[in-house]
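What follows is one structure encoded as C-alpha cells, with my remarks underneath.
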Amino acid sequence: MKKLKIAVLVSGSGSNLQVMIDAMQAGRLPIEIVGVISNVADAYAVVRANNAGVRTAVLSHVPNGKKMGIRTFEKHALELLDEWSPDLVVLAGFMRVLSAEFIQNVPCAMINLHPSLLPNYKGLDTHERVLKSGDTLHGCSIHVVTAELDAGQVLTQAVLDVAQGDTPESLRLRVQKLEHALVPFTLELIAKGVLELDETPISSNLPLPIKLYF
Ligand code: GAR
C-alpha cells in the first residue's frame with residue numbers, strides 16, 4: 001500500500017507526534033512522516049523528531065533573535081511544505097492560530113487534534129470549561145482545518161465519561177490517552193481511503209463523525 005506522507009506541526013511536548021513516530025517505525029501504520037515544523041524552539045516535540053531522525057524545522061525566531069511573527073512563520077512553513085509535498089498536514093498540539101490565506105495555500109488537506117468534543121469548547125482551557133459546565137461527557141476530536149477556528153468538518157471523536165472528582169489535570173491526562181488512540185485510528189482511515197479529505201464535501205464510507213467510546 002502507498003504510504004501516506006504526513007507533515008506535522010507542533011508547539012509542545014509532542015506526545016501525539018511520538019505516537020505517530022512509533023506507529024511509523026513499527027510499521028503499524030502506512031504513513032511516512034516527511035517533516036516536523038515547530039514554532040517553539042525548546043518544544044520537546046523537536047527532541048522527539050530529532051531522536052527519530054525525522055527532518056525537523058524550528059521556525060521560532062528571525063536571524064536577529066526577535067520572535068517570529070505568524071506571517072513570517074507561515075511564509076517559511078509554506079516553502080517547506082511545498083518542498084516536502086506531504087499528502088496531509090497534521091496539527092498535533094500546534095498552538096498558534098493560522099491565517100485563512102495560509103490554510104488555503106497549504107498544498108494538501110490539513111487536520112487538527114482538539115481536546116474537546118467539537119462543536120463544544122472550541123479554543124483553549126477545554127478541561128476547565130467542561131468541569132465548570134457539569135457536562136458528563138468529554139473527549140477529543142480530529143477535524144479538517146478551515147479558516148474558522150476549530151470549526152471544520154469533525155472526522156473522528158473519542159469520548160469518555162467525566163468522573164466525580166475529576167480535575168482539569170486528571171481530565172487532561174485521560175483525554176491525552178484517548179488522543180493517543182484516536183490519532184492512529186484516524187490516520188489509518190485516511191491512509192486506507194475510508195475518509196477522503198480531498199473531496200468536497202469530504203467523503204466517507206461511514207457517517208461522520210466516527211466516534212470511539214472509552
Ligand atoms: C493535545 O492535547 C491537543 O489536543 C492539544 O494540545 C495537546 C498537545 O499534546 N491541542 C490543542 O489544544 C489545539 N487547540 P502533545 O504535544 O503532547 O501531542
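Just so we're on the same page: first chain in the C-alpha cells is A, next is B, and so on; residues restart at 1 for each chain, and ligands are numbered from 1 in the order they show up.
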
Which residues of region 65-130 of chain A sit at most 12 Å from region 189-195 of chain A, using only C-alpha atoms? Give each one's shortest atom pair and distance in Å (one decimal place), in chain and ascending residue order, as CSV.
residue,atom,partner,partner_atom,distance
A:Asp87,CA,A:Ala191,CA,9.5
A:Leu88,CA,A:Ile190,CA,9.2
A:Val89,CA,A:Ile190,CA,11.9
A:Val90,CA,A:Ile190,CA,11.8
A:Ala109,CA,A:Ile190,CA,10.7
A:Met110,CA,A:Ile190,CA,11.6
A:Ile111,CA,A:Ile190,CA,10.8

Around ligand 1, which protein and nucleic acid residues have at least one atom no more than 6 Å from it, if we count only C-alpha atoms and all ligand atoms? List them as a JSON list (two decimals) with N, CA, C and O atoms, in the first residue's frame.
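Final file, selection27.json:
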[["chain", "number", "residue", "atom", "x", "y", "z"],
["A", 12, "GLY", "N", 4.52, 21.82, 21.36],
["A", 12, "GLY", "CA", 4.68, 21.42, 22.75],
["A", 12, "GLY", "C", 5.39, 20.10, 22.95],
["A", 12, "GLY", "O", 6.39, 19.81, 22.30],
["A", 13, "SER", "N", 4.83, 19.30, 23.84],
["A", 13, "SER", "CA", 5.53, 18.08, 24.27],
["A", 13, "SER", "C", 5.64, 17.03, 23.16],
["A", 13, "SER", "O", 6.56, 16.22, 23.16],
["A", 14, "GLY", "N", 4.67, 17.01, 22.26],
["A", 14, "GLY", "CA", 4.78, 16.10, 21.12],
["A", 14, "GLY", "C", 4.44, 14.66, 21.44],
["A", 14, "GLY", "O", 4.89, 13.75, 20.73],
["A", 15, "SER", "N", 3.62, 14.43, 22.46],
["A", 15, "SER", "CA", 3.29, 13.03, 22.75],
["A", 15, "SER", "C", 2.51, 12.40, 21.60],
["A", 15, "SER", "O", 2.67, 11.21, 21.31],
["A", 16, "ASN", "N", 1.68, 13.19, 20.94],
["A", 16, "ASN", "CA", 0.95, 12.64, 19.79],
["A", 16, "ASN", "C", 1.88, 12.43, 18.58],
["A", 16, "ASN", "O", 1.69, 11.48, 17.82],
["A", 17, "LEU", "N", 2.85, 13.31, 18.43],
["A", 17, "LEU", "CA", 3.86, 13.08, 17.40],
["A", 17, "LEU", "C", 4.57, 11.76, 17.67],
["A", 17, "LEU", "O", 4.82, 10.96, 16.75],
["A", 92, "ALA", "N", -0.66, 18.81, 15.55],
["A", 92, "ALA", "CA", -0.69, 17.96, 16.75],
["A", 92, "ALA", "C", -0.15, 18.79, 17.91],
["A", 92, "ALA", "O", 1.05, 18.78, 18.19],
["A", 93, "GLY", "N", -1.04, 19.56, 18.53],
["A", 93, "GLY", "CA", -0.60, 20.44, 19.60],
["A", 93, "GLY", "C", 0.09, 21.67, 19.04],
["A", 93, "GLY", "O", 1.02, 22.20, 19.66],
["A", 94, "PHE", "N", -0.37, 22.14, 17.89],
["A", 94, "PHE", "CA", 0.17, 23.38, 17.33],
["A", 94, "PHE", "C", -0.70, 24.53, 17.86],
["A", 94, "PHE", "O", -1.91, 24.54, 17.66],
["A", 95, "MET", "N", -0.08, 25.46, 18.59],
["A", 95, "MET", "CA", -0.87, 26.36, 19.43],
["A", 95, "MET", "C", -0.97, 27.80, 18.90],
["A", 95, "MET", "O", -1.25, 28.71, 19.67],
["A", 113, "LEU", "N", -5.98, 18.19, 15.83],
["A", 113, "LEU", "CA", -6.40, 17.44, 17.01],
["A", 113, "LEU", "C", -6.81, 18.45, 18.07],
["A", 113, "LEU", "O", -6.03, 19.36, 18.40],
["A", 114, "HIS", "N", -8.03, 18.28, 18.63],
["A", 114, "HIS", "CA", -8.52, 19.27, 19.60],
["A", 114, "HIS", "C", -9.06, 18.56, 20.84],
["A", 114, "HIS", "O", -9.81, 17.58, 20.72],
["A", 115, "PRO", "N", -8.73, 19.07, 22.05],
["A", 115, "PRO", "CA", -9.12, 18.36, 23.26],
["A", 115, "PRO", "C", -10.52, 18.69, 23.76],
["A", 115, "PRO", "O", -10.71, 19.11, 24.89],
["A", 123, "GLY", "N", -11.35, 26.45, 21.10],
["A", 123, "GLY", "CA", -10.39, 27.32, 21.77],
["A", 123, "GLY", "C", -9.67, 26.63, 22.91],
["A", 123, "GLY", "O", -9.47, 25.42, 22.91],
["A", 176, "GLN", "N", -5.70, 12.79, 26.99],
["A", 176, "GLN", "CA", -4.46, 12.52, 26.25],
["A", 176, "GLN", "C", -4.36, 11.03, 25.84],
["A", 176, "GLN", "O", -3.96, 10.70, 24.73]]

Just the residues within 12 Å of region 100-104 of chain A, please, counting only C-alpha atoms, with nothing from its chain fewer than 6 positions along; format it as a ChimeraX atom specification.
-> /A:70-79,81,89,91,110-112,144-149,152

Give the alpha helix (DSSP H) residues of region 38-127 of chain A, as DSSP finds them on the backbone, and put them as a count of residues only.
-> 31

Name the residues in contact with Arg172 (chain A) at a cut-off of 10 Å, using only C-alpha atoms, excluding same-chain residues fewer than 5 positions from it; report them as an NGL selection string.
-> :A and (115 or 125-128 or 139 or 166-167 or 177-178)

Please dump the current selection as a JSON list (two decimals), in the first residue's frame; keep C-alpha atoms.
[["chain", "number", "residue", "atom", "x", "y", "z"],
["A", 115, "PRO", "CA", -9.12, 18.36, 23.26],
["A", 125, "ASP", "CA", -8.89, 25.63, 28.55],
["A", 126, "THR", "CA", -11.32, 22.97, 27.44],
["A", 127, "HIS", "CA", -10.98, 20.73, 30.53],
["A", 128, "GLU", "CA", -11.67, 23.59, 32.95],
["A", 139, "GLY", "CA", -13.10, 13.76, 24.89],
["A", 166, "ASP", "CA", -12.02, 14.74, 38.01],
["A", 167, "THR", "CA", -9.80, 17.83, 37.93],
["A", 177, "LYS", "CA", -4.78, 8.72, 26.43],
["A", 178, "LEU", "CA", -7.78, 8.93, 24.11]]

Find the residues around Leu131 (chain A) up to 12 Å (only C-alpha atoms counted), leave out those fewer than 4 positions away in its own chain, and share them as an mmCIF file with N, CA, C and O atoms, in the first residue's frame.
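Result file follows (result07.cif):
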data_model
loop_
_atom_site.group_PDB
_atom_site.id
_atom_site.type_symbol
_atom_site.label_atom_id
_atom_site.label_comp_id
_atom_site.auth_asym_id
_atom_site.auth_seq_id
_atom_site.Cartn_x
_atom_site.Cartn_y
_atom_site.Cartn_z
ATOM 1 N N SER A 116 -11.523 18.473 22.916
ATOM 2 C CA SER A 116 -12.926 18.554 23.357
ATOM 3 C C SER A 116 -13.781 17.848 22.319
ATOM 4 O O SER A 116 -13.312 17.520 21.228
ATOM 5 N N TYR A 121 -16.772 23.627 23.110
ATOM 6 C CA TYR A 121 -15.470 24.030 23.674
ATOM 7 C C TYR A 121 -14.370 24.184 22.625
ATOM 8 O O TYR A 121 -13.349 23.516 22.664
ATOM 9 N N ASP A 125 -8.387 25.971 27.204
ATOM 10 C CA ASP A 125 -8.894 25.630 28.552
ATOM 11 C C ASP A 125 -10.139 24.745 28.512
ATOM 12 O O ASP A 125 -11.100 24.953 29.269
ATOM 13 N N THR A 126 -10.118 23.776 27.653
ATOM 14 C CA THR A 126 -11.325 22.966 27.437
ATOM 15 C C THR A 126 -11.685 22.148 28.681
ATOM 16 O O THR A 126 -12.858 22.019 29.012
ATOM 17 N N HIS A 127 -10.674 21.602 29.382
ATOM 18 C CA HIS A 127 -10.982 20.732 30.526
ATOM 19 C C HIS A 127 -11.633 21.533 31.661
ATOM 20 O O HIS A 127 -12.610 21.093 32.263
ATOM 21 N N ASP A 135 -20.845 19.091 32.350
ATOM 22 C CA ASP A 135 -21.038 18.074 31.299
ATOM 23 C C ASP A 135 -20.611 16.709 31.810
ATOM 24 O O ASP A 135 -19.648 16.602 32.574
ATOM 25 N N THR A 136 -21.287 15.683 31.353
ATOM 26 C CA THR A 136 -20.923 14.336 31.810
ATOM 27 C C THR A 136 -20.047 13.619 30.781
ATOM 28 O O THR A 136 -19.456 12.591 31.086
ATOM 29 N N LEU A 137 -19.995 14.152 29.552
ATOM 30 C CA LEU A 137 -19.138 13.546 28.524
ATOM 31 C C LEU A 137 -18.062 14.542 28.097
ATOM 32 O O LEU A 137 -18.304 15.752 28.029
ATOM 33 N N HIS A 138 -16.895 14.003 27.797
ATOM 34 C CA HIS A 138 -15.796 14.850 27.318
ATOM 35 C C HIS A 138 -14.962 13.986 26.375
ATOM 36 O O HIS A 138 -15.238 12.781 26.211
ATOM 37 N N ASP A 161 -16.477 9.333 29.942
ATOM 38 C CA ASP A 161 -17.382 9.845 30.973
ATOM 39 C C ASP A 161 -16.567 10.680 31.951
ATOM 40 O O ASP A 161 -15.541 10.203 32.451
ATOM 41 N N VAL A 162 -17.039 11.883 32.243
ATOM 42 C CA VAL A 162 -16.387 12.686 33.281
ATOM 43 C C VAL A 162 -16.699 12.019 34.623
ATOM 44 O O VAL A 162 -17.851 11.679 34.902
ATOM 45 N N ALA A 163 -15.641 11.797 35.427
ATOM 46 C CA ALA A 163 -15.836 11.099 36.703
ATOM 47 C C ALA A 163 -15.980 12.116 37.822
ATOM 48 O O ALA A 163 -15.475 13.245 37.728
ATOM 49 N N GLN A 164 -16.674 11.710 38.886
ATOM 50 C CA GLN A 164 -16.729 12.559 40.076
ATOM 51 C C GLN A 164 -15.302 12.698 40.586
ATOM 52 O O GLN A 164 -14.575 11.703 40.645
ATOM 53 N N GLY A 165 -14.900 13.888 40.946
ATOM 54 C CA GLY A 165 -13.542 14.058 41.446
ATOM 55 C C GLY A 165 -12.531 14.360 40.353
ATOM 56 O O GLY A 165 -11.358 14.592 40.648
ATOM 57 N N ASP A 166 -12.951 14.340 39.076
ATOM 58 C CA ASP A 166 -12.021 14.735 38.009
ATOM 59 C C ASP A 166 -11.599 16.188 38.211
ATOM 60 O O ASP A 166 -12.398 17.041 38.645
ATOM 61 N N THR A 167 -10.339 16.471 37.902
ATOM 62 C CA THR A 167 -9.800 17.832 37.931
ATOM 63 C C THR A 167 -9.365 18.166 36.504
ATOM 64 O O THR A 167 -9.290 17.255 35.664
ATOM 65 N N PRO A 168 -9.048 19.425 36.221
ATOM 66 C CA PRO A 168 -8.549 19.728 34.872
ATOM 67 C C PRO A 168 -7.351 18.847 34.511
ATOM 68 O O PRO A 168 -7.245 18.360 33.381
ATOM 69 N N GLU A 169 -6.470 18.601 35.475
ATOM 70 C CA GLU A 169 -5.274 17.804 35.183
ATOM 71 C C GLU A 169 -5.628 16.330 34.953
ATOM 72 O O GLU A 169 -5.092 15.701 34.033
ATOM 73 N N SER A 170 -6.550 15.779 35.766
ATOM 74 C CA SER A 170 -6.901 14.367 35.539
ATOM 75 C C SER A 170 -7.599 14.224 34.182
ATOM 76 O O SER A 170 -7.369 13.267 33.458
ATOM 77 N N LEU A 171 -8.421 15.222 33.834
ATOM 78 C CA LEU A 171 -9.086 15.159 32.521
ATOM 79 C C LEU A 171 -8.072 15.291 31.392
ATOM 80 O O LEU A 171 -8.166 14.608 30.375
ATOM 81 N N ARG A 172 -7.095 16.164 31.597
ATOM 82 C CA ARG A 172 -6.066 16.334 30.556
ATOM 83 C C ARG A 172 -5.373 14.993 30.286
ATOM 84 O O ARG A 172 -5.197 14.590 29.139
#

Record the distance separating CA of Val19 (chain A) and CA of Leu4 (chain A), expressed in Å with one decimal.
-> 15.5 Å

Between CA of Asp22 (chain A) and CA of Ala181 (chain A), what is the distance, to one decimal in Å?
->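 CA of Ala181 (chain A) lies at a distance of 12.5 Å from CA of Asp22 (chain A).
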
So, counting only C-alpha atoms, which residue among A:Asn39, A:Gln157, A:Gln18, A:Ser204 is closest to Leu98 (chain A)?
->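 For Leu98 (chain A), the nearest of the given residues is A:Asn39.
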
For CA of Lys3 (chain A) and CA of Asp198 (chain A), determine how far apart the two atoms are, in Å to one decimal place.
->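 CA of Lys3 (chain A) sits 16.1 Å away from CA of Asp198 (chain A).
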
Counting only C-alpha atoms, figure out which residue out of A:Ser99, A:Ile31, A:Leu80, A:Ser11 gets nearest to Ser60 (chain A).
->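 Comparing A:Ser99, A:Ile31, A:Leu80, A:Ser11 against Ser60 (chain A), the winner is A:Ser11.
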
Which residue, A:Ile37, A:Leu155, A:Ala43, A:Ile210, has the smallest gap to Leu59 (chain A) when you use only C-alpha atoms?
->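 The shortest atom-to-atom distance to Leu59 (chain A) comes from A:Ile37.
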
Using only C-alpha atoms, pick whichever of A:Arg28, A:Lys66, A:His61, A:Lys122 has the shortest atom-to-atom distance to Glu188 (chain A).
->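 Going through A:Arg28, A:Lys66, A:His61, A:Lys122 one by one, the smallest distance to Glu188 (chain A) is for A:Arg28.
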
Backbone-only DSSP, strand (DSSP E or B) members of chain A, as a PyMOL selection string = chain A and resi 4-10+31-38+56-58+61+67+88-91+109-114+137-144+154-161+195-196+203-204+210-213

Dump of C-alpha atoms for the selected residues, as a PDB file, in the first residue's frame:
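See selection-v6.pdb below for the written result:
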ATOM      1  CA  LEU A   4       0.501   8.472   3.373  1.00  0.00           C
ATOM      2  CA  LYS A   5       3.091  11.271   3.534  1.00  0.00           C
ATOM      3  CA  ILE A   6       2.500  13.400   6.614  1.00  0.00           C
ATOM      4  CA  ALA A   7       3.935  16.721   7.787  1.00  0.00           C
ATOM      5  CA  VAL A   8       3.327  17.515  11.469  1.00  0.00           C
ATOM      6  CA  LEU A   9       3.123  20.977  13.055  1.00  0.00           C
ATOM      7  CA  VAL A  10       3.849  21.121  16.789  1.00  0.00           C
ATOM      8  CA  ILE A  31       2.490   6.506   6.945  1.00  0.00           C
ATOM      9  CA  GLU A  32       5.732   8.345   6.374  1.00  0.00           C
ATOM     10  CA  ILE A  33       6.423  11.478   8.417  1.00  0.00           C
ATOM     11  CA  VAL A  34       8.160  13.662   5.850  1.00  0.00           C
ATOM     12  CA  GLY A  35       8.879  16.520   8.240  1.00  0.00           C
ATOM     13  CA  VAL A  36       8.052  18.267  11.506  1.00  0.00           C
ATOM     14  CA  ILE A  37       7.728  22.023  11.941  1.00  0.00           C
ATOM     15  CA  SER A  38       7.804  23.597  15.403  1.00  0.00           C
ATOM     16  CA  THR A  56      12.729  18.941  11.564  1.00  0.00           C
ATOM     17  CA  ALA A  57      12.455  22.702  11.155  1.00  0.00           C
ATOM     18  CA  VAL A  58      12.217  25.174  14.028  1.00  0.00           C
ATOM     19  CA  HIS A  61      12.871  33.372  15.738  1.00  0.00           C
ATOM     20  CA  LYS A  67      10.381  36.206  17.943  1.00  0.00           C
ATOM     21  CA  LEU A  88      -1.636  15.503   4.710  1.00  0.00           C
ATOM     22  CA  VAL A  89      -0.665  18.121   7.310  1.00  0.00           C
ATOM     23  CA  VAL A  90      -1.428  17.211  10.927  1.00  0.00           C
ATOM     24  CA  LEU A  91      -1.641  19.900  13.610  1.00  0.00           C
ATOM     25  CA  ALA A 109      -5.613  18.590   3.332  1.00  0.00           C
ATOM     26  CA  MET A 110      -4.899  19.659   6.910  1.00  0.00           C
ATOM     27  CA  ILE A 111      -6.376  18.192  10.098  1.00  0.00           C
ATOM     28  CA  ASN A 112      -6.230  19.327  13.738  1.00  0.00           C
ATOM     29  CA  LEU A 113      -6.398  17.442  17.013  1.00  0.00           C
ATOM     30  CA  HIS A 114      -8.521  19.267  19.604  1.00  0.00           C
ATOM     31  CA  LEU A 137     -19.138  13.546  28.524  1.00  0.00           C
ATOM     32  CA  HIS A 138     -15.796  14.850  27.318  1.00  0.00           C
ATOM     33  CA  GLY A 139     -13.098  13.762  24.891  1.00  0.00           C
ATOM     34  CA  CYS A 140     -11.191  14.831  21.808  1.00  0.00           C
ATOM     35  CA  SER A 141     -11.856  15.462  18.150  1.00  0.00           C
ATOM     36  CA  ILE A 142      -9.971  15.430  14.886  1.00  0.00           C
ATOM     37  CA  HIS A 143     -11.342  17.870  12.352  1.00  0.00           C
ATOM     38  CA  VAL A 144     -10.490  19.374   8.995  1.00  0.00           C
ATOM     39  CA  VAL A 154     -15.285  16.779  12.506  1.00  0.00           C
ATOM     40  CA  LEU A 155     -13.951  13.437  11.278  1.00  0.00           C
ATOM     41  CA  THR A 156     -13.495  11.373  14.436  1.00  0.00           C
ATOM     42  CA  GLN A 157     -14.014  11.681  18.171  1.00  0.00           C
ATOM     43  CA  ALA A 158     -13.077   9.695  21.250  1.00  0.00           C
ATOM     44  CA  VAL A 159     -15.442  10.017  24.196  1.00  0.00           C
ATOM     45  CA  LEU A 160     -15.117   9.431  27.945  1.00  0.00           C
ATOM     46  CA  ASP A 161     -17.382   9.845  30.973  1.00  0.00           C
ATOM     47  CA  LEU A 195     -12.001   9.002   4.750  1.00  0.00           C
ATOM     48  CA  GLU A 196     -11.282  11.014   1.591  1.00  0.00           C
ATOM     49  CA  SER A 203     -16.460  11.700   1.580  1.00  0.00           C
ATOM     50  CA  SER A 204     -16.562   8.820   3.989  1.00  0.00           C
ATOM     51  CA  ILE A 210     -16.880   8.436  13.648  1.00  0.00           C
ATOM     52  CA  LYS A 211     -16.995   8.029  17.442  1.00  0.00           C
ATOM     53  CA  LEU A 212     -14.958   5.803  19.736  1.00  0.00           C
ATOM     54  CA  TYR A 213     -16.335   5.316  23.255  1.00  0.00           C
TER      55      TYR A 213
END
